[in-house]
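For reference, start.csv (CSV, C-alpha atoms):
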```csv
chain,number,residue,atom,x,y,z
A,1495,SER,CA,110.0,105.8,97.0
A,1496,LEU,CA,108.8,103.4,99.6
A,1497,ASN,CA,109.0,106.1,102.3
A,1498,GLY,CA,106.9,108.3,100.1
A,1499,ILE,CA,104.3,105.6,99.5
A,1500,LEU,CA,104.0,104.8,103.2
A,1501,SER,CA,104.2,108.3,104.5
A,1502,SER,CA,101.6,110.4,106.3
A,1503,HIS,CA,101.7,113.0,103.5
A,1504,ALA,CA,100.6,110.4,100.9
A,1505,ARG,CA,97.9,108.8,103.1
A,1506,ARG,CA,96.5,110.2,106.3
A,1507,PRO,CA,96.9,108.1,109.4
A,1508,ALA,CA,94.0,107.2,111.7
A,1509,GLY,CA,92.8,110.1,113.7
A,1510,MET,CA,94.3,112.7,111.4
A,1511,LYS,CA,91.9,112.5,108.4
A,1512,ASP,CA,90.4,115.9,108.9
A,1513,ARG,CA,93.6,117.8,109.8
A,1514,ARG,CA,95.3,120.3,107.6
A,1515,ALA,CA,98.3,118.9,105.6
A,1516,ASP,CA,100.8,121.2,107.4
A,1517,ASP,CA,99.5,120.0,110.8
A,1518,VAL,CA,100.2,116.3,110.1
A,1519,PRO,CA,103.6,115.2,111.2
A,1520,TRP,CA,105.7,113.4,108.6
A,1521,PHE,CA,106.3,109.7,109.3
A,1522,ALA,CA,106.2,106.5,107.3
A,1523,TRP,CA,104.4,103.4,108.7
A,1524,LYS,CA,103.1,99.9,108.0
A,1525,THR,CA,100.5,97.9,109.9
A,1526,GLY,CA,99.8,94.2,110.2
A,1527,THR,CA,97.3,91.7,111.6
A,1528,SER,CA,98.3,88.2,112.6
A,1529,SER,CA,96.4,85.1,111.6
A,1530,GLY,CA,93.4,84.6,113.8
A,1531,ARG,CA,93.6,88.2,114.9
A,1532,ARG,CA,95.9,87.1,117.7
A,1533,ASP,CA,97.6,90.5,117.7
A,1534,ALA,CA,97.9,93.8,115.7
A,1535,TRP,CA,100.9,95.9,115.1
A,1536,ALA,CA,102.2,99.1,113.5
A,1537,VAL,CA,105.7,100.2,113.0
A,1538,GLY,CA,107.0,103.5,111.6
A,1539,HIS,CA,109.8,106.1,111.6
A,1540,ASN,CA,110.0,109.8,111.2
A,1541,GLY,CA,113.6,110.1,110.0
A,1542,ASN,CA,115.1,110.2,113.5
A,1543,VAL,CA,113.2,107.7,115.6
A,1544,ALA,CA,111.5,104.4,114.9
A,1545,ILE,CA,108.4,103.3,116.9
A,1546,GLY,CA,106.6,99.9,117.1
A,1547,VAL,CA,103.2,99.4,118.6
A,1548,TRP,CA,101.9,95.9,119.5
A,1549,VAL,CA,98.3,95.2,120.6
A,1550,GLY,CA,97.3,91.8,121.8
A,1551,ARG,CA,97.0,89.3,124.7
A,1552,PHE,CA,100.0,87.7,126.3
A,1553,ASP,CA,98.2,84.3,126.1
A,1554,GLY,CA,98.0,84.6,122.3
A,1555,SER,CA,94.2,84.4,122.2
A,1556,GLY,CA,92.6,86.4,119.4
A,1557,HIS,CA,90.0,89.2,119.4
A,1558,ALA,CA,87.9,90.6,116.6
A,1559,ALA,CA,89.3,94.1,117.4
A,1560,TYR,CA,92.9,93.1,116.8
A,1561,VAL,CA,93.4,94.7,113.3
A,1562,GLY,CA,96.5,96.7,112.7
A,1563,ARG,CA,94.8,99.5,111.0
A,1564,ASP,CA,92.2,99.9,113.7
A,1565,ALA,CA,94.0,98.9,116.9
A,1566,ALA,CA,97.7,99.8,116.5
A,1567,GLU,CA,97.8,102.5,113.9
A,1568,PRO,CA,95.9,105.2,116.0
A,1569,LEU,CA,98.3,104.6,118.8
A,1570,LEU,CA,101.3,104.9,116.6
A,1571,ALA,CA,99.9,108.2,115.1
A,1572,GLN,CA,99.4,109.6,118.5
A,1573,LEU,CA,103.0,108.9,119.5
A,1574,PHE,CA,104.4,110.6,116.4
A,1575,ASP,CA,102.0,113.5,117.0
A,1576,ASP,CA,103.3,113.9,120.6
A,1577,PRO,CA,105.2,117.2,120.9
A,1578,ALA,CA,108.3,115.4,122.2
A,1579,TRP,CA,108.5,113.3,119.1
A,1580,ARG,CA,107.6,116.1,116.8
A,1581,ARG,CA,110.5,118.1,118.1
A,1582,ASN,CA,112.8,115.2,117.3
A,1583,ALA,CA,111.3,114.6,113.9
A,1584,GLY,CA,113.5,114.3,110.9
A,1585,PHE,CA,112.3,115.3,107.5
A,1586,ALA,CA,110.8,113.6,104.6
A,1587,PRO,CA,113.6,111.9,102.7
A,1588,PRO,CA,114.3,113.2,99.2
A,1589,ALA,CA,113.0,111.2,96.3
A,1590,PRO,CA,115.5,108.6,95.2
A,1591,THR,CA,117.6,109.1,92.1
A,1592,PRO,CA,116.1,107.2,89.3
A,1593,ILE,CA,118.0,104.3,87.9
A,1594,PHE,CA,118.3,104.2,84.1
A,1595,VAL,CA,119.1,100.9,82.4
A,1596,HIS,CA,121.2,101.7,79.3
A,1597,ARG,CA,121.9,98.1,78.2
A,1598,PRO,CA,119.2,95.8,79.5
A,1599,LEU,CA,119.8,92.1,79.3
A,1600,PRO,CA,117.8,90.3,76.6
A,1601,MET,CA,114.7,88.4,77.7
A,1602,PRO,CA,115.3,84.7,78.3
A,1603,ARG,CA,114.8,82.8,75.1
A,1604,GLU,CA,111.8,80.9,76.5
A,1605,GLN,CA,110.0,84.2,77.4
A,1606,SER,CA,110.8,86.1,74.2
A,1607,ALA,CA,109.4,83.5,71.9
A,1608,ALA,CA,105.7,82.6,71.7
A,1609,LEU,CA,104.7,79.6,73.8
A,1610,ARG,CA,104.8,76.4,71.7
A,1611,ILE,CA,104.9,72.7,72.2
A,1612,THR,CA,108.2,71.3,70.9
A,1613,SER,CA,107.3,67.6,71.3
A,1614,PRO,CA,105.4,65.8,70.0
A,1615,ALA,CA,105.0,67.4,66.6
A,1616,ASP,CA,101.6,68.3,65.4
A,1617,HIS,CA,99.9,65.4,63.5
A,1618,ALA,CA,102.6,62.9,64.6
A,1619,ALA,CA,101.9,59.2,64.6
A,1620,PHE,CA,103.2,56.7,67.1
A,1621,VAL,CA,103.1,52.9,67.3
A,1622,ALA,CA,102.1,51.2,70.5
A,1623,LEU,CA,104.3,48.3,71.5
A,1624,HIS,CA,102.8,46.0,74.1
A,1625,GLN,CA,99.6,48.1,74.0
A,1626,ARG,CA,101.3,51.4,75.1
A,1627,ALA,CA,103.5,54.1,73.4
A,1628,PRO,CA,105.8,56.3,75.4
A,1629,ILE,CA,105.2,59.9,74.3
A,1630,ARG,CA,107.8,62.6,75.3
A,1631,ILE,CA,106.2,66.0,75.8
A,1632,ALA,CA,108.0,69.3,75.9
A,1633,SER,CA,107.5,73.0,75.5
A,1634,ASN,CA,109.8,76.0,75.0
A,1635,ARG,CA,108.9,77.3,78.5
A,1636,ARG,CA,109.1,76.1,82.0
A,1637,ASN,CA,106.2,76.0,84.5
A,1638,VAL,CA,103.4,75.3,82.1
A,1639,THR,CA,100.2,73.3,82.7
A,1640,TRP,CA,99.4,70.4,80.4
A,1641,PHE,CA,96.0,69.0,79.3
A,1642,LEU,CA,95.5,65.8,77.4
A,1643,ASN,CA,92.1,65.5,75.7
A,1644,GLY,CA,90.7,68.2,78.0
A,1645,LYS,CA,92.0,66.6,81.2
A,1646,ARG,CA,94.8,68.1,83.2
A,1647,LEU,CA,98.0,66.1,83.5
A,1648,ASN,CA,99.6,66.0,86.9
A,1649,ILE,CA,103.2,66.2,85.8
A,1650,ALA,CA,106.0,68.6,86.7
A,1651,ASP,CA,109.2,70.0,85.2
A,1652,SER,CA,112.3,67.9,85.3
A,1653,ALA,CA,115.9,68.8,84.7
A,1654,ASP,CA,117.3,68.7,81.2
A,1655,SER,CA,120.6,69.5,79.5
A,1656,ASP,CA,118.9,72.6,77.9
A,1657,SER,CA,117.8,74.7,80.9
A,1658,GLN,CA,115.7,76.9,78.7
A,1659,VAL,CA,113.4,74.1,77.6
A,1660,GLN,CA,110.8,72.3,79.7
A,1661,ARG,CA,111.2,68.5,79.6
A,1662,ILE,CA,108.7,66.1,80.9
A,1663,MET,CA,109.2,62.3,81.5
A,1664,PRO,CA,107.4,60.2,78.9
A,1665,ILE,CA,103.7,59.5,79.3
A,1666,ASN,CA,102.5,56.1,78.2
A,1667,LEU,CA,99.4,56.1,76.0
A,1668,SER,CA,97.3,53.4,74.5
A,1669,ALA,CA,96.0,53.5,70.9
A,1670,GLY,CA,93.8,56.5,70.1
A,1671,ARG,CA,93.6,60.1,68.9
A,1672,TYR,CA,95.0,62.8,71.3
A,1673,GLN,CA,94.9,66.5,71.7
A,1674,LEU,CA,97.7,68.0,73.8
A,1675,VAL,CA,97.5,71.6,75.1
A,1676,CYS,CA,99.9,73.5,77.3
A,1677,SER,CA,99.3,76.9,78.9
A,1678,ASP,CA,101.2,79.3,81.1
A,1679,ALA,CA,100.2,81.7,83.9
A,1680,THR,CA,99.7,84.6,81.4
A,1681,GLY,CA,97.0,82.6,79.5
A,1682,ALA,CA,99.2,81.8,76.4
A,1683,SER,CA,98.7,78.3,75.1
A,1684,ASP,CA,99.6,76.0,72.3
A,1685,MET,CA,98.0,72.7,71.0
A,1686,VAL,CA,99.1,69.7,68.9
A,1687,ARG,CA,97.1,66.7,67.8
A,1688,PHE,CA,98.7,63.2,67.4
A,1689,ILE,CA,97.7,59.6,67.0
A,1690,VAL,CA,98.8,56.4,68.6
A,1691,LYS,CA,98.2,53.3,66.5
```
For this file, produce the structure as structure tokens.
Amino acid sequence: SLNGILSSHARRPAGMKDRRADDVPWFAWKTGTSSGRRDAWAVGHNGNVAIGVWVGRFDGSGHAAYVGRDAAEPLLAQLFDDPAWRRNAGFAPPAPTPIFVHRPLPMPREQSAALRITSPADHAAFVALHQRAPIRIASNRRNVTWFLNGKRLNIADSADSDSQVQRIMPINLSAGRYQLVCSDATGASDMVRFIVK
């Protein structure tokens, strides 16, 4: 559970690294540091109370020491270790009941099939009219990157009647031989070769 991952029993807070486990009060916390180290913060709870600590300057100027882990976490740990707060401490929440999926939904068609270019066909031939040929390119997945003869194409997905399929507006090419590659974020790729006459 998130409480367990962020708890003082899973990771020791600042100032309590050398203490016995039974001497460390239970609380869960998270720290943060703003951009430019303008301030540092730590927030946590012990089951009954929630505490937030902010360290910074009111004029918003930064300082190298304003790091949540170093500046705010030790103060938060001291507060939860105070006898007054320890008396009011709750208890470590029980582990959540696991959720079992008995009938998972099938993967979307474009994710379950291997990545492939659906247009143009491999070894296709096109005729250039007025020195250019419009080539419609598409793949069976969305959010892929395209390369033509080794150079990245700056094109993006566009809407299509089949939401499962990526459709790209035509690219206009002059006569020549071409190699088209598409790849996705996982590293999968496909390639076709075609010619424009």
Q | Contacts of A:Arg1514 within 12 Å, all atoms listed in the file, excl. fewer than 6 positions in-chain, as a list in words | A | Ser1502, His1503 and Arg1506 of chain A
Q: Please write as a ChimeraX atom specification the list of polymer residues whose atoms come within 12 Å of (100.3, 78.6, 72.5), counting all atoms listed in the file and keeping to the coordinates of the file.
A: /A:1607-1612,1633-1635,1638-1640,1674-1686
Can I get the selection written as a PDB file, keeping the file's coordinate frame, with C-alpha atoms?
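What follows is the written file part_17.pdb:
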```
ATOM      1  CA  ALA A1607     109.400  83.500  71.900  1.00  0.00           C
ATOM      2  CA  ALA A1608     105.700  82.600  71.700  1.00  0.00           C
ATOM      3  CA  LEU A1609     104.700  79.600  73.800  1.00  0.00           C
ATOM      4  CA  ARG A1610     104.800  76.400  71.700  1.00  0.00           C
ATOM      5  CA  ILE A1611     104.900  72.700  72.200  1.00  0.00           C
ATOM      6  CA  THR A1612     108.200  71.300  70.900  1.00  0.00           C
ATOM      7  CA  SER A1633     107.500  73.000  75.500  1.00  0.00           C
ATOM      8  CA  ASN A1634     109.800  76.000  75.000  1.00  0.00           C
ATOM      9  CA  ARG A1635     108.900  77.300  78.500  1.00  0.00           C
ATOM     10  CA  VAL A1638     103.400  75.300  82.100  1.00  0.00           C
ATOM     11  CA  THR A1639     100.200  73.300  82.700  1.00  0.00           C
ATOM     12  CA  TRP A1640      99.400  70.400  80.400  1.00  0.00           C
ATOM     13  CA  LEU A1674      97.700  68.000  73.800  1.00  0.00           C
ATOM     14  CA  VAL A1675      97.500  71.600  75.100  1.00  0.00           C
ATOM     15  CA  CYS A1676      99.900  73.500  77.300  1.00  0.00           C
ATOM     16  CA  SER A1677      99.300  76.900  78.900  1.00  0.00           C
ATOM     17  CA  ASP A1678     101.200  79.300  81.100  1.00  0.00           C
ATOM     18  CA  ALA A1679     100.200  81.700  83.900  1.00  0.00           C
ATOM     19  CA  THR A1680      99.700  84.600  81.400  1.00  0.00           C
ATOM     20  CA  GLY A1681      97.000  82.600  79.500  1.00  0.00           C
ATOM     21  CA  ALA A1682      99.200  81.800  76.400  1.00  0.00           C
ATOM     22  CA  SER A1683      98.700  78.300  75.100  1.00  0.00           C
ATOM     23  CA  ASP A1684      99.600  76.000  72.300  1.00  0.00           C
ATOM     24  CA  MET A1685      98.000  72.700  71.000  1.00  0.00           C
ATOM     25  CA  VAL A1686      99.100  69.700  68.900  1.00  0.00           C
TER      26      VAL A1686
END
```
(Q) Counting all atoms listed in the file, which residue out of A:Arg1580, A:Asp1575, A:His1557, A:Arg1671 sits closest to A:Asn1542? (A)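 Among the listed residues, A:Arg1580 lies closest to A:Asn1542.
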Q | Pick from A:Ser1495, A:Ser1528, A:Asn1637, A:Asn1643 nearest to A:Pro1592, counting only C-alpha atoms | A |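 Under the stated criterion, the closest residue is A:Ser1495.
Distance-wise, atom CA of A:Lys1511 and atom CA of A:Leu1496 end up 21.1 Å apart.
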Q. From the list A:Val1547, A:Val1537, A:Ala1558, A:Val1518, which residue is nearest A:Asp1576 when using all atoms listed in the file?
A.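 Of A:Val1547, A:Val1537, A:Ala1558, A:Val1518, the one nearest A:Asp1576 is A:Val1518, counting all atoms listed in the file.
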Q.
Would you pick out the contacts of A:Leu1667 at 9 Å or less, using only C-alpha atoms, so that residues sharing its chain but fewer than 4 positions from it are not included, and give the list as a list in words?
A.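 Listed by chain and then number, they are Ala1622, Gln1625, Arg1626, Ala1627, Pro1628, Ile1629 and Val1690 of chain A.
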How would the residues just chosen look if you wrote them out with C-alpha atoms as a tab-separated table (two decimals), in the frame of the given file?
```
chain	number	residue	atom	x	y	z
A	1622	ALA	CA	102.10	51.20	70.50
A	1625	GLN	CA	99.60	48.10	74.00
A	1626	ARG	CA	101.30	51.40	75.10
A	1627	ALA	CA	103.50	54.10	73.40
A	1628	PRO	CA	105.80	56.30	75.40
A	1629	ILE	CA	105.20	59.90	74.30
A	1690	VAL	CA	98.80	56.40	68.60
```
(Q) Just to confirm, what's the straight-line distance from atom CA of A:Asp1517 to atom CA of A:Ala1578 in Å (one decimal)? (A)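 Going from atom CA of A:Asp1517 over to atom CA of A:Ala1578, I get 15.1 Å.
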Q | Between atom CA of A:Gly1526 and atom CA of A:Tyr1560, distance in Å (one decimal) | A |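 Taking atom CA of A:Gly1526 and atom CA of A:Tyr1560, their separation equals 9.6 Å.
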